[in-house]
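upload29.cif follows; it contains mmCIF, C-alpha atoms.
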```
data_work
#
loop_
_atom_site.label_atom_id
_atom_site.label_comp_id
_atom_site.auth_asym_id
_atom_site.auth_seq_id
_atom_site.Cartn_x
_atom_site.Cartn_y
_atom_site.Cartn_z
CA MET A 1 -14.56 -1.34 -32.51
CA ASN A 2 -11.42 -3.01 -31.14
CA CYS A 3 -10.95 -4.55 -27.67
CA THR A 4 -9.34 -1.42 -26.15
CA ASP A 5 -12.24 0.74 -27.31
CA ALA A 6 -14.70 -1.79 -25.94
CA GLN A 7 -13.02 -2.05 -22.54
CA ASN A 8 -12.99 1.72 -22.20
CA LEU A 9 -16.79 1.62 -22.37
CA PHE A 10 -17.43 -1.24 -19.92
CA ASN A 11 -18.00 0.88 -16.81
CA ARG A 12 -20.38 3.30 -18.47
CA TYR A 13 -22.19 0.40 -20.11
CA MET A 14 -22.58 -1.38 -16.78
CA ASP A 15 -23.81 1.76 -15.04
CA GLY A 16 -26.35 2.43 -17.79
CA GLU A 17 -24.62 5.62 -18.89
CA LEU A 18 -23.88 4.61 -22.47
CA GLY A 19 -26.20 5.79 -25.23
CA SER A 20 -28.19 3.22 -27.20
CA LYS A 21 -26.07 3.58 -30.33
CA LYS A 22 -22.77 2.94 -28.53
CA SER A 23 -24.37 0.15 -26.50
CA THR A 24 -25.41 -1.63 -29.67
CA ILE A 25 -21.93 -1.34 -31.17
CA LEU A 26 -20.40 -2.63 -27.92
CA GLU A 27 -22.85 -5.54 -27.75
CA GLU A 28 -21.96 -6.50 -31.30
CA HIS A 29 -18.30 -6.54 -30.33
CA LEU A 30 -19.04 -8.61 -27.21
CA GLU A 31 -20.87 -11.21 -29.25
CA ALA A 32 -17.82 -11.72 -31.37
CA CYS A 33 -15.14 -11.42 -28.65
CA PRO A 34 -14.94 -14.02 -25.83
CA ALA A 35 -12.04 -12.18 -24.12
CA CYS A 36 -14.07 -8.98 -23.75
CA ARG A 37 -17.12 -10.95 -22.61
CA GLU A 38 -14.96 -12.48 -19.89
CA SER A 39 -13.56 -9.10 -18.84
CA LEU A 40 -17.03 -7.59 -18.61
CA GLY A 41 -18.20 -10.63 -16.63
CA GLN A 42 -15.34 -10.12 -14.16
CA LEU A 43 -16.29 -6.47 -13.76
CA ARG A 44 -19.92 -7.37 -13.11
CA THR A 45 -18.92 -9.99 -10.54
CA LEU A 46 -16.70 -7.42 -8.82
CA VAL A 47 -19.52 -4.89 -8.49
CA GLU A 48 -21.94 -7.57 -7.23
CA GLN A 49 -19.39 -8.70 -4.65
CA ALA A 50 -18.88 -5.11 -3.50
CA GLU A 51 -22.63 -4.67 -3.04
CA ARG A 52 -22.77 -7.82 -0.90
CA MET A 53 -19.88 -6.91 1.40
CA PRO A 54 -20.81 -6.94 5.08
CA MET A 55 -21.72 -3.50 6.39
CA THR A 56 -20.37 -4.15 9.87
CA ILE A 57 -16.97 -5.14 11.23
CA SER A 58 -16.35 -5.33 14.97
CA PRO A 59 -13.31 -3.49 16.32
CA ARG A 60 -10.91 -5.78 18.18
CA ARG A 61 -11.04 -3.57 21.25
CA ASP A 62 -13.92 -1.83 23.02
CA LEU A 63 -13.97 1.78 21.79
CA TRP A 64 -16.78 3.04 24.05
CA PRO A 65 -14.65 3.77 27.16
CA GLY A 66 -12.44 6.06 25.05
CA ILE A 67 -15.47 7.82 23.61
CA ARG A 68 -17.02 8.30 27.02
CA ASN A 69 -13.75 9.65 28.47
CA ARG A 70 -13.33 12.12 25.63
CA ILE A 71 -16.91 13.38 25.94
CA GLU A 72 -16.41 13.77 29.67
CA GLU A 73 -13.12 15.61 29.20
CA GLY A 74 -14.66 17.86 26.55
CA MET A 75 -17.56 18.75 28.78
CA ALA A 76 -15.26 19.41 31.71
CA ILE A 77 -13.23 21.78 29.54
CA SER A 78 -16.26 23.65 28.21
CA THR A 79 -17.75 23.84 31.70
CA THR A 80 -14.56 25.27 33.13
CA LYS A 81 -14.36 27.83 30.35
CA GLU A 82 -17.94 29.02 30.61
CA VAL A 83 -19.00 28.93 34.23
CA GLY A 84 -16.29 27.32 36.30
CA ILE A 85 -16.58 23.67 37.04
CA GLY A 86 -17.09 24.05 40.75
CA GLN A 87 -19.85 26.62 40.58
CA ILE A 88 -22.79 24.41 39.81
CA GLY A 89 -23.71 20.82 40.28
CA TRP A 90 -23.43 19.65 36.67
CA PRO A 91 -25.20 16.40 35.94
CA VAL A 92 -22.32 15.54 33.68
CA ARG A 93 -22.04 11.83 34.27
CA SER A 94 -25.69 11.04 33.81
CA LEU A 95 -25.89 13.21 30.71
CA ILE A 96 -22.89 11.45 29.25
CA ALA A 97 -24.43 8.09 30.05
CA ALA A 98 -27.64 9.20 28.35
CA ALA A 99 -25.73 10.41 25.31
CA ALA A 100 -23.77 7.20 25.07
CA ALA A 101 -26.95 5.18 25.50
CA ILE A 102 -28.77 6.89 22.68
CA LEU A 103 -25.72 6.69 20.42
CA ILE A 104 -25.30 2.99 21.12
CA ILE A 105 -28.93 2.22 20.43
CA THR A 106 -29.39 4.32 17.34
CA ALA A 107 -26.06 3.43 15.82
CA SER A 108 -26.55 -0.29 16.30
CA VAL A 109 -29.89 -0.40 14.53
CA VAL A 110 -28.95 1.10 11.22
CA THR A 111 -31.80 -0.38 9.23
CA VAL A 112 -34.55 1.15 11.33
CA ARG A 113 -35.39 4.57 10.02
CA LEU A 114 -36.50 7.12 12.54
CA PHE A 115 -38.99 9.90 12.05
CA SER A 116 -41.10 8.36 9.34
CA ASP A 117 -44.49 7.94 10.91
CA GLY A 118 -47.25 10.43 11.27
CA PHE A 119 -47.46 11.67 14.84
CA ASP A 120 -48.51 15.28 14.56
CA SER A 121 -47.13 16.17 17.96
CA LEU A 122 -43.83 14.51 17.09
CA GLU A 123 -43.52 16.53 13.91
CA ARG A 124 -44.21 19.71 15.83
CA PHE A 125 -41.63 18.69 18.40
CA TYR A 126 -38.90 18.27 15.77
CA ALA A 127 -39.97 21.32 13.80
CA GLY A 128 -39.71 23.47 16.90
CA TRP A 129 -36.37 21.95 17.77
CA ASN A 130 -34.89 22.37 14.32
CA GLN A 131 -35.99 25.96 13.99
CA GLY A 132 -34.69 26.81 17.45
CA LEU A 133 -37.87 28.76 18.08
CA VAL A 134 -39.20 27.12 21.19
CA THR A 135 -38.42 28.06 24.74
CA LEU A 136 -37.52 25.37 27.23
CA ALA A 137 -40.98 25.68 28.81
CA ALA A 138 -42.66 25.16 25.43
CA MET A 139 -40.38 22.26 24.68
CA GLU A 140 -41.22 20.63 28.03
CA LYS A 141 -44.90 20.90 27.22
CA GLN A 142 -44.39 19.38 23.80
CA TYR A 143 -42.09 16.72 25.20
CA LEU A 144 -44.79 15.58 27.63
CA GLY A 145 -47.34 15.45 24.81
CA VAL A 146 -45.03 13.53 22.48
CA THR A 147 -43.96 10.97 25.05
CA LYS A 148 -47.61 10.43 25.99
CA ASP A 149 -48.50 9.88 22.30
CA LEU A 150 -45.62 7.51 21.78
CA ILE A 151 -46.30 5.46 24.89
CA TYR A 152 -49.98 5.27 23.91
CA SER A 153 -49.08 4.18 20.37
CA MET A 154 -46.85 1.44 21.72
CA GLY A 155 -49.78 0.31 23.89
CA GLU A 156 -50.64 -3.34 23.65
CA CYS A 157 -47.87 -4.10 21.14
CA GLU A 158 -45.34 -3.67 23.91
CA ASP A 159 -45.94 -7.26 24.97
CA ASN A 160 -44.49 -8.37 21.62
CA LEU A 161 -41.06 -7.01 22.50
CA PRO A 162 -38.51 -9.73 23.18
CA GLU A 163 -37.49 -9.77 26.83
CA SER A 164 -33.88 -8.90 26.04
CA ALA A 165 -34.91 -5.86 23.98
CA ARG A 166 -37.34 -4.73 26.68
CA GLU A 167 -34.57 -4.89 29.30
CA ILE A 168 -32.18 -2.84 27.16
CA ILE A 169 -34.80 -0.20 26.39
CA GLU A 170 -35.95 0.06 30.00
CA HIS A 171 -32.36 0.30 31.18
CA HIS A 172 -31.61 3.16 28.80
CA LEU A 173 -34.87 4.90 29.58
CA GLU A 174 -33.88 4.85 33.23
CA ILE A 175 -30.52 6.42 32.38
CA ILE A 176 -32.12 9.15 30.29
CA GLU A 177 -34.79 9.87 32.90
CA SER A 178 -32.10 10.10 35.53
CA ALA A 179 -30.26 12.62 33.33
CA ILE A 180 -33.45 14.65 32.93
CA GLU A 181 -33.97 14.69 36.68
CA ASP A 182 -30.37 15.72 37.37
CA SER A 183 -30.60 18.48 34.77
CA ARG A 184 -33.82 19.81 36.29
CA ILE A 185 -32.26 19.88 39.76
CA ALA A 186 -29.24 21.74 38.40
CA LEU A 187 -31.54 24.18 36.64
CA ILE A 188 -33.42 24.94 39.84
CA GLU A 189 -30.12 26.23 41.23
CA ASN A 190 -29.15 28.02 38.01
CA PRO A 191 -32.37 28.74 36.12
CA SER A 192 -30.78 31.14 33.63
CA ASP A 193 -27.90 28.87 32.61
CA THR A 194 -28.38 28.48 28.87
CA LYS A 195 -25.93 25.59 28.60
CA LEU A 196 -27.97 23.62 31.14
CA GLN A 197 -31.18 24.48 29.33
CA SER A 198 -29.67 23.23 26.11
CA MET A 199 -28.51 20.02 27.77
CA LEU A 200 -31.96 19.40 29.22
CA SER A 201 -33.69 19.92 25.91
CA THR A 202 -31.16 17.60 24.24
CA THR A 203 -31.94 14.94 26.81
CA TYR A 204 -35.69 15.39 26.20
CA ARG A 205 -35.00 14.81 22.58
CA GLN A 206 -32.98 11.69 23.35
CA LYS A 207 -35.89 10.25 25.27
CA VAL A 208 -38.28 11.05 22.45
CA GLU A 209 -35.92 9.40 19.96
CA LEU A 210 -35.60 6.28 22.06
CA LEU A 211 -39.40 6.00 22.45
CA HIS A 212 -39.89 6.68 18.78
CA TRP A 213 -37.30 4.05 17.86
CA THR A 214 -39.07 1.56 20.12
CA ALA A 215 -42.45 2.38 18.55
CA GLN A 216 -40.93 1.87 15.09
CA LEU A 217 -39.39 -1.42 16.19
CA LEU A 218 -42.76 -2.63 17.45
CA THR A 219 -44.39 -1.97 14.09
CA GLN A 220 -41.78 -4.19 12.45
CA LEU A 221 -42.19 -7.17 14.80
CA MET B 1 -20.45 1.26 16.15
CA ASP B 2 -19.55 -1.72 13.93
CA ARG B 3 -21.06 0.01 10.91
CA VAL B 4 -18.97 3.12 11.45
CA PHE B 5 -15.86 1.09 12.15
CA ALA B 6 -16.29 -0.96 8.94
CA LEU B 7 -16.59 2.24 6.94
CA CYS B 8 -13.53 3.82 8.58
CA LEU B 9 -11.48 0.63 8.17
CA ARG B 10 -12.26 0.36 4.46
CA LEU B 11 -11.67 4.04 3.80
CA THR B 12 -8.37 4.21 5.68
CA ALA B 13 -7.11 0.62 5.35
CA SER B 14 -5.58 1.14 8.78
CA GLU B 15 -6.78 -0.48 11.98
CA GLU B 16 -5.30 2.15 14.26
CA ARG B 17 -6.72 5.05 12.29
CA ALA B 18 -10.09 3.35 11.92
CA GLN B 19 -10.32 2.94 15.71
CA GLN B 20 -9.31 6.54 16.27
CA LEU B 21 -11.67 7.91 13.63
CA THR B 22 -14.58 5.78 14.88
CA GLN B 23 -14.10 7.33 18.30
CA ASP B 24 -13.75 10.79 16.75
CA THR B 25 -17.04 10.26 14.91
CA PHE B 26 -18.98 9.39 18.05
CA VAL B 27 -17.48 12.24 20.05
CA LEU B 28 -18.39 14.61 17.20
CA ALA B 29 -21.87 13.07 17.04
CA TRP B 30 -22.35 13.93 20.69
CA GLU B 31 -21.08 17.46 20.19
CA LYS B 32 -23.24 18.02 17.12
CA LEU B 33 -26.34 16.20 18.34
CA SER B 34 -28.28 19.43 18.56
CA SER B 35 -27.62 20.11 14.85
CA PHE B 36 -29.10 16.74 13.86
CA ARG B 37 -32.27 17.38 11.84
CA GLY B 38 -35.11 14.97 12.28
CA GLU B 39 -35.95 14.56 8.60
CA ALA B 40 -33.00 12.20 8.00
CA ALA B 41 -32.41 8.89 9.74
CA PHE B 42 -29.95 9.14 12.59
CA ALA B 43 -27.88 6.33 11.05
CA THR B 44 -27.60 8.26 7.77
CA TRP B 45 -26.52 11.40 9.61
CA LEU B 46 -23.95 9.44 11.62
CA HIS B 47 -22.65 7.71 8.48
CA ARG B 48 -22.10 11.00 6.68
CA LEU B 49 -20.39 12.38 9.77
CA ALA B 50 -18.00 9.40 9.71
CA VAL B 51 -17.17 9.91 6.04
CA ASN B 52 -16.45 13.60 6.62
CA THR B 53 -14.34 12.79 9.66
CA VAL B 54 -12.17 10.39 7.66
CA LEU B 55 -11.76 12.78 4.73
CA GLN B 56 -10.93 15.73 6.98
CA ASP B 57 -8.33 13.62 8.75
CA GLU B 58 -6.78 12.68 5.41
CA ARG B 59 -6.62 16.31 4.34
CA ALA B 60 -4.97 17.24 7.63
CA ARG B 61 -2.45 14.44 7.29
CA ARG B 62 -1.58 15.47 3.76
CA ARG B 63 -1.02 19.02 4.97
CA ARG B 64 1.34 17.63 7.59
CA ARG B 65 2.87 15.39 4.89
CA GLU B 66 2.35 12.31 7.02
CA ARG B 67 2.68 8.85 5.60
CA ILE B 68 -0.86 7.51 5.64
CA VAL B 69 -0.51 3.77 5.20
CA SER B 70 1.29 1.37 2.94
CA ALA B 71 -0.50 -1.23 0.88
CA GLU B 72 1.41 -3.90 2.73
CA ASP B 73 0.13 -2.67 6.11
CA ALA B 74 -3.36 -2.39 4.72
CA SER B 75 -3.36 -5.89 3.37
CA LEU B 76 -2.30 -7.36 6.71
CA ILE B 77 -4.83 -5.31 8.64
CA VAL B 78 -7.79 -6.10 6.47
CA GLU B 79 -6.84 -9.78 6.38
CA ALA B 80 -6.84 -9.84 10.16
CA TYR B 81 -10.35 -8.41 10.28
CA VAL B 82 -12.13 -10.42 7.67
CA VAL B 83 -11.49 -14.04 8.71
CA PRO B 84 -13.33 -16.33 8.67
CA THR B 85 -15.12 -15.46 5.44
CA PRO B 86 -15.37 -16.80 1.91
CA GLU B 87 -12.08 -16.56 0.06
CA ASP B 88 -13.37 -14.23 -2.67
CA ARG B 89 -14.39 -11.60 -0.11
CA ILE B 90 -11.01 -11.74 1.62
CA ASP B 91 -9.40 -11.18 -1.77
CA LEU B 92 -11.68 -8.24 -2.48
CA GLU B 93 -11.06 -6.63 0.95
CA ARG B 94 -7.33 -7.05 0.45
CA ALA B 95 -7.47 -5.64 -3.06
CA ILE B 96 -9.55 -2.62 -1.98
CA ALA B 97 -6.97 -1.86 0.72
CA GLN B 98 -4.27 -1.74 -1.94
CA LEU B 99 -6.04 0.78 -4.16
CA PRO B 100 -4.73 4.35 -4.42
CA ARG B 101 -6.42 6.51 -1.78
CA ARG B 102 -8.84 8.51 -3.91
CA ALA B 103 -9.85 5.55 -6.04
CA ARG B 104 -10.41 3.53 -2.88
CA THR B 105 -12.56 6.26 -1.33
CA VAL B 106 -14.81 6.55 -4.38
CA PHE B 107 -15.11 2.78 -4.81
CA VAL B 108 -16.03 2.22 -1.14
CA LEU B 109 -18.55 5.06 -1.14
CA HIS B 110 -20.15 4.18 -4.49
CA ASP B 111 -20.00 0.43 -4.92
CA VAL B 112 -19.95 -0.70 -1.28
CA GLU B 113 -21.91 2.01 0.50
CA GLY B 114 -24.25 3.00 -2.35
CA TYR B 115 -23.54 6.75 -2.53
CA ARG B 116 -24.33 8.56 -5.81
CA HIS B 117 -21.63 10.38 -7.76
CA GLU B 118 -23.31 13.71 -6.96
CA GLU B 119 -22.97 13.02 -3.23
CA ILE B 120 -19.39 11.80 -3.56
CA ALA B 121 -18.39 14.86 -5.57
CA GLU B 122 -19.87 17.09 -2.87
CA ILE B 123 -18.22 15.21 -0.01
CA MET B 124 -14.81 15.02 -1.73
CA LYS B 125 -15.04 18.59 -3.04
CA THR B 126 -14.48 17.45 -6.60
CA SER B 127 -16.46 17.10 -9.83
CA ILE B 128 -18.88 14.34 -10.79
CA GLY B 129 -16.65 13.51 -13.77
CA THR B 130 -13.64 13.03 -11.49
CA SER B 131 -15.68 10.81 -9.20
CA LYS B 132 -16.70 8.63 -12.14
CA ALA B 133 -13.14 8.51 -13.48
CA GLN B 134 -11.84 7.40 -10.06
CA LEU B 135 -14.53 4.73 -9.82
CA HIS B 136 -13.66 3.34 -13.24
CA ARG B 137 -9.98 3.39 -12.34
CA ALA B 138 -10.68 1.56 -9.08
CA ARG B 139 -12.82 -1.11 -10.72
CA ASN B 140 -10.31 -1.73 -13.49
CA LEU B 141 -7.46 -2.02 -11.00
CA LEU B 142 -9.47 -4.35 -8.79
CA ARG B 143 -10.47 -6.53 -11.73
CA LYS B 144 -6.83 -6.90 -12.70
CA MET B 145 -5.73 -7.63 -9.12
CA LEU B 146 -8.44 -10.25 -8.62
CA ALA B 147 -7.83 -11.89 -12.01
CA ARG B 148 -4.19 -12.64 -11.13
#
```

Starting from the file, give its structure as structure tokens.
Amino acid sequence: MNCTDAQNLFNRYMDGELGSKKSTILEEHLEACPACRESLGQLRTLVEQAERMPMTISPRRDLWPGIRNRIEEGMAISTTKEVGIGQIGWPVRSLIAAAAAILIITASVVTVRLFSDGFDSLERFYAGWNQGLVTLAAMEKQYLGVTKDLIYSMGECEDNLPESAREIIEHHLEIIESAIEDSRIALIENPSDTKLQSMLSTTYRQKVELLHWTAQLLTQL
Amino acid sequence: MDRVFALCLRLTASEERAQQLTQDTFVLAWEKLSSFRGEAAFATWLHRLAVNTVLQDERARRRRRERIVSAEDASLIVEAYVVPTPEDRIDLERAIAQLPRRARTVFVLHDVEGYRHEEIAEIMKTSIGTSKAQLHRARNLLRKMLAR
């Protein structure tokens, strides 16, 4: 084996994709060739450096206002198309705030996995949601059960939450609850509006996700 | 937000596009929230959405024959974002930004983000063999750039 042949095999060798026979031949070459040993070492260092690269970089400007504006514009457009923006009292702003809140929280805690514990009611809640089988009334019933379970499970551990985290969570819970209330009021006026029903069930889900995230966080403290 | 932005910045090597695509990702996340299935972590879902958003944007730009970004631009942009950090990481960020687009995409997804070749092939609508070939090409180019 010459150096060119050896270097052509480095990547597969490093990724464990080279058979044992070829690996042995390559290793024999490496023992005898300092230049190839150095090249392979450089490749290994490169891959290790790549694995250690920081997973987050902060943008130099705040991108949230743009996101919020675009969501708001998008909802205004879809509202105008479907029912006419002036016809009903859409709880648009509070729903947007709730959406932004849940996106901010979930996106900023990338290492905390959601949905991995064993609440039966929670599993039913998501199963019903994912299959699109439940009516809004059924979802409301499940939502109440799930939130009760989650709050109960958080129980005494809640005192372990750092004050700053507690404030953030309570603040976002308030926003989401306000969105739920606004949606319900809008639904009283337009009970058959499917878009509103969908928005309300989405907001229920956001609250469940936030509570679930908090419960998960508490188990890791 | 910072996780999505880092991904977009490395995939595009363009600050302006990374900002735009980060915003696109979150707007899309809001629009598609109801399609999010509970069995995956939200962060994983959002991450995949960001990758798809970047790749779709690149396909659209190629259709419009737009200039995407030059290596010189990319180098300056990445340099601006990664200080202060150890010198070897600045070099690596700069070198990644100078890779050819497809090689850069595969390297970022595989070696930085930990995707498997099967996933990359699916996302990029290509074969596993092509994904591996692009990764090897990227690593070899990077090794040469960093050894200078």

Which residues of region 98-139 of chain B sit at most 12 Å from region 42-61 of chain A, using all atoms listed in the file? Give each one's shortest atom pair and distance in Å (one decimal place), in chain and ascending residue order, as CSV.
```
residue,atom,partner,partner_atom,distance
B:Phe107,CA,A:Ala50,CA,8.8
B:Val108,CA,A:Ala50,CA,8.2
B:Leu109,CA,A:Ala50,CA,10.4
B:His110,CA,A:Glu51,CA,9.3
B:Asp111,CA,A:Ala50,CA,5.8
B:Val112,CA,A:Ala50,CA,5.1
B:Glu113,CA,A:Glu51,CA,7.6
B:Gly114,CA,A:Glu51,CA,7.9
B:Tyr115,CA,A:Glu51,CA,11.5
B:Leu135,CA,A:Val47,CA,10.9
B:His136,CA,A:Leu43,CA,10.2
B:Arg137,CA,A:Leu43,CA,11.8
B:Ala138,CA,A:Leu46,CA,10.8
B:Arg139,CA,A:Leu43,CA,7.1
```

Quiz item: Hey, what's within 8 Å of Ala95 (chain B) if we count only C-alpha atoms and toss same-chain stuff fewer than 3 positions away? As a ChimeraX atom specification, please?
Solution: /B:75,91-92,98-99,142,145-146

Write the residues of the selection above to a file with C-alpha atoms, as a short mmCIF file (atom, residue, chain, number, x, y, z; two decimals), in the coordinates of the input.
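Dumped to again-v9.cif:
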```
data_model
loop_
_atom_site.label_atom_id
_atom_site.label_comp_id
_atom_site.auth_asym_id
_atom_site.auth_seq_id
_atom_site.Cartn_x
_atom_site.Cartn_y
_atom_site.Cartn_z
CA SER B 75 -3.36 -5.89 3.37
CA ASP B 91 -9.40 -11.18 -1.77
CA LEU B 92 -11.68 -8.24 -2.48
CA GLN B 98 -4.27 -1.74 -1.94
CA LEU B 99 -6.04 0.78 -4.16
CA LEU B 142 -9.47 -4.35 -8.79
CA MET B 145 -5.73 -7.63 -9.12
CA LEU B 146 -8.44 -10.25 -8.62
#
```

Practice problem: Pull out every residue of chain B that has at least one atom within 7 Å of chain A, counting all atoms listed in the file, and report them as a count of residues only. | Solution: 20

Self-check item: Coordinates-based distance that separates CA of Ile188 (chain A) from CA of Tyr204 (chain A) (Å, one decimal)
Solution: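 Separation of CA of Tyr204 (chain A) and CA of Ile188 (chain A): 16.8 Å.
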
Exercise. Excluding Leu11 (chain B) and any residue of its chain fewer than 5 positions from it, enumerate the residues within 9 Å of it, using all atoms listed in the file, and give them as a PyMOL selection string.
Key: chain B and resi 6+18+51+54-55+97+101+104-105+108-109

Exercise. Determine the nearest neighbour of Thr22 (chain B) from the options B:Arg10, B:Lys144, B:Glu119, B:Ala50, counting all atoms listed in the file.
Key: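 Looking only at the distances to Thr22 (chain B), the closest residue turns out to be B:Ala50.
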
Quiz prompt | Close residues, Leu196 (chain A) itself excluded, 10 Å, all atoms listed in the file, min 5 positions apart in chain, as number ranges by chain | solution = A: 90-91, 183-184, 186-187, 190-191, 201-202

Quiz item: What does the distance from CA of Ile120 (chain B) to CA of Lys132 (chain B) come to in Å, to one decimal?
Solution: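 If I compute the distance from CA of Ile120 (chain B) to CA of Lys132 (chain B), I get 9.5 Å.
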
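Relative to CA of Arg17 (chain B), CA of Leu49 (chain B) is found at 15.7 Å.
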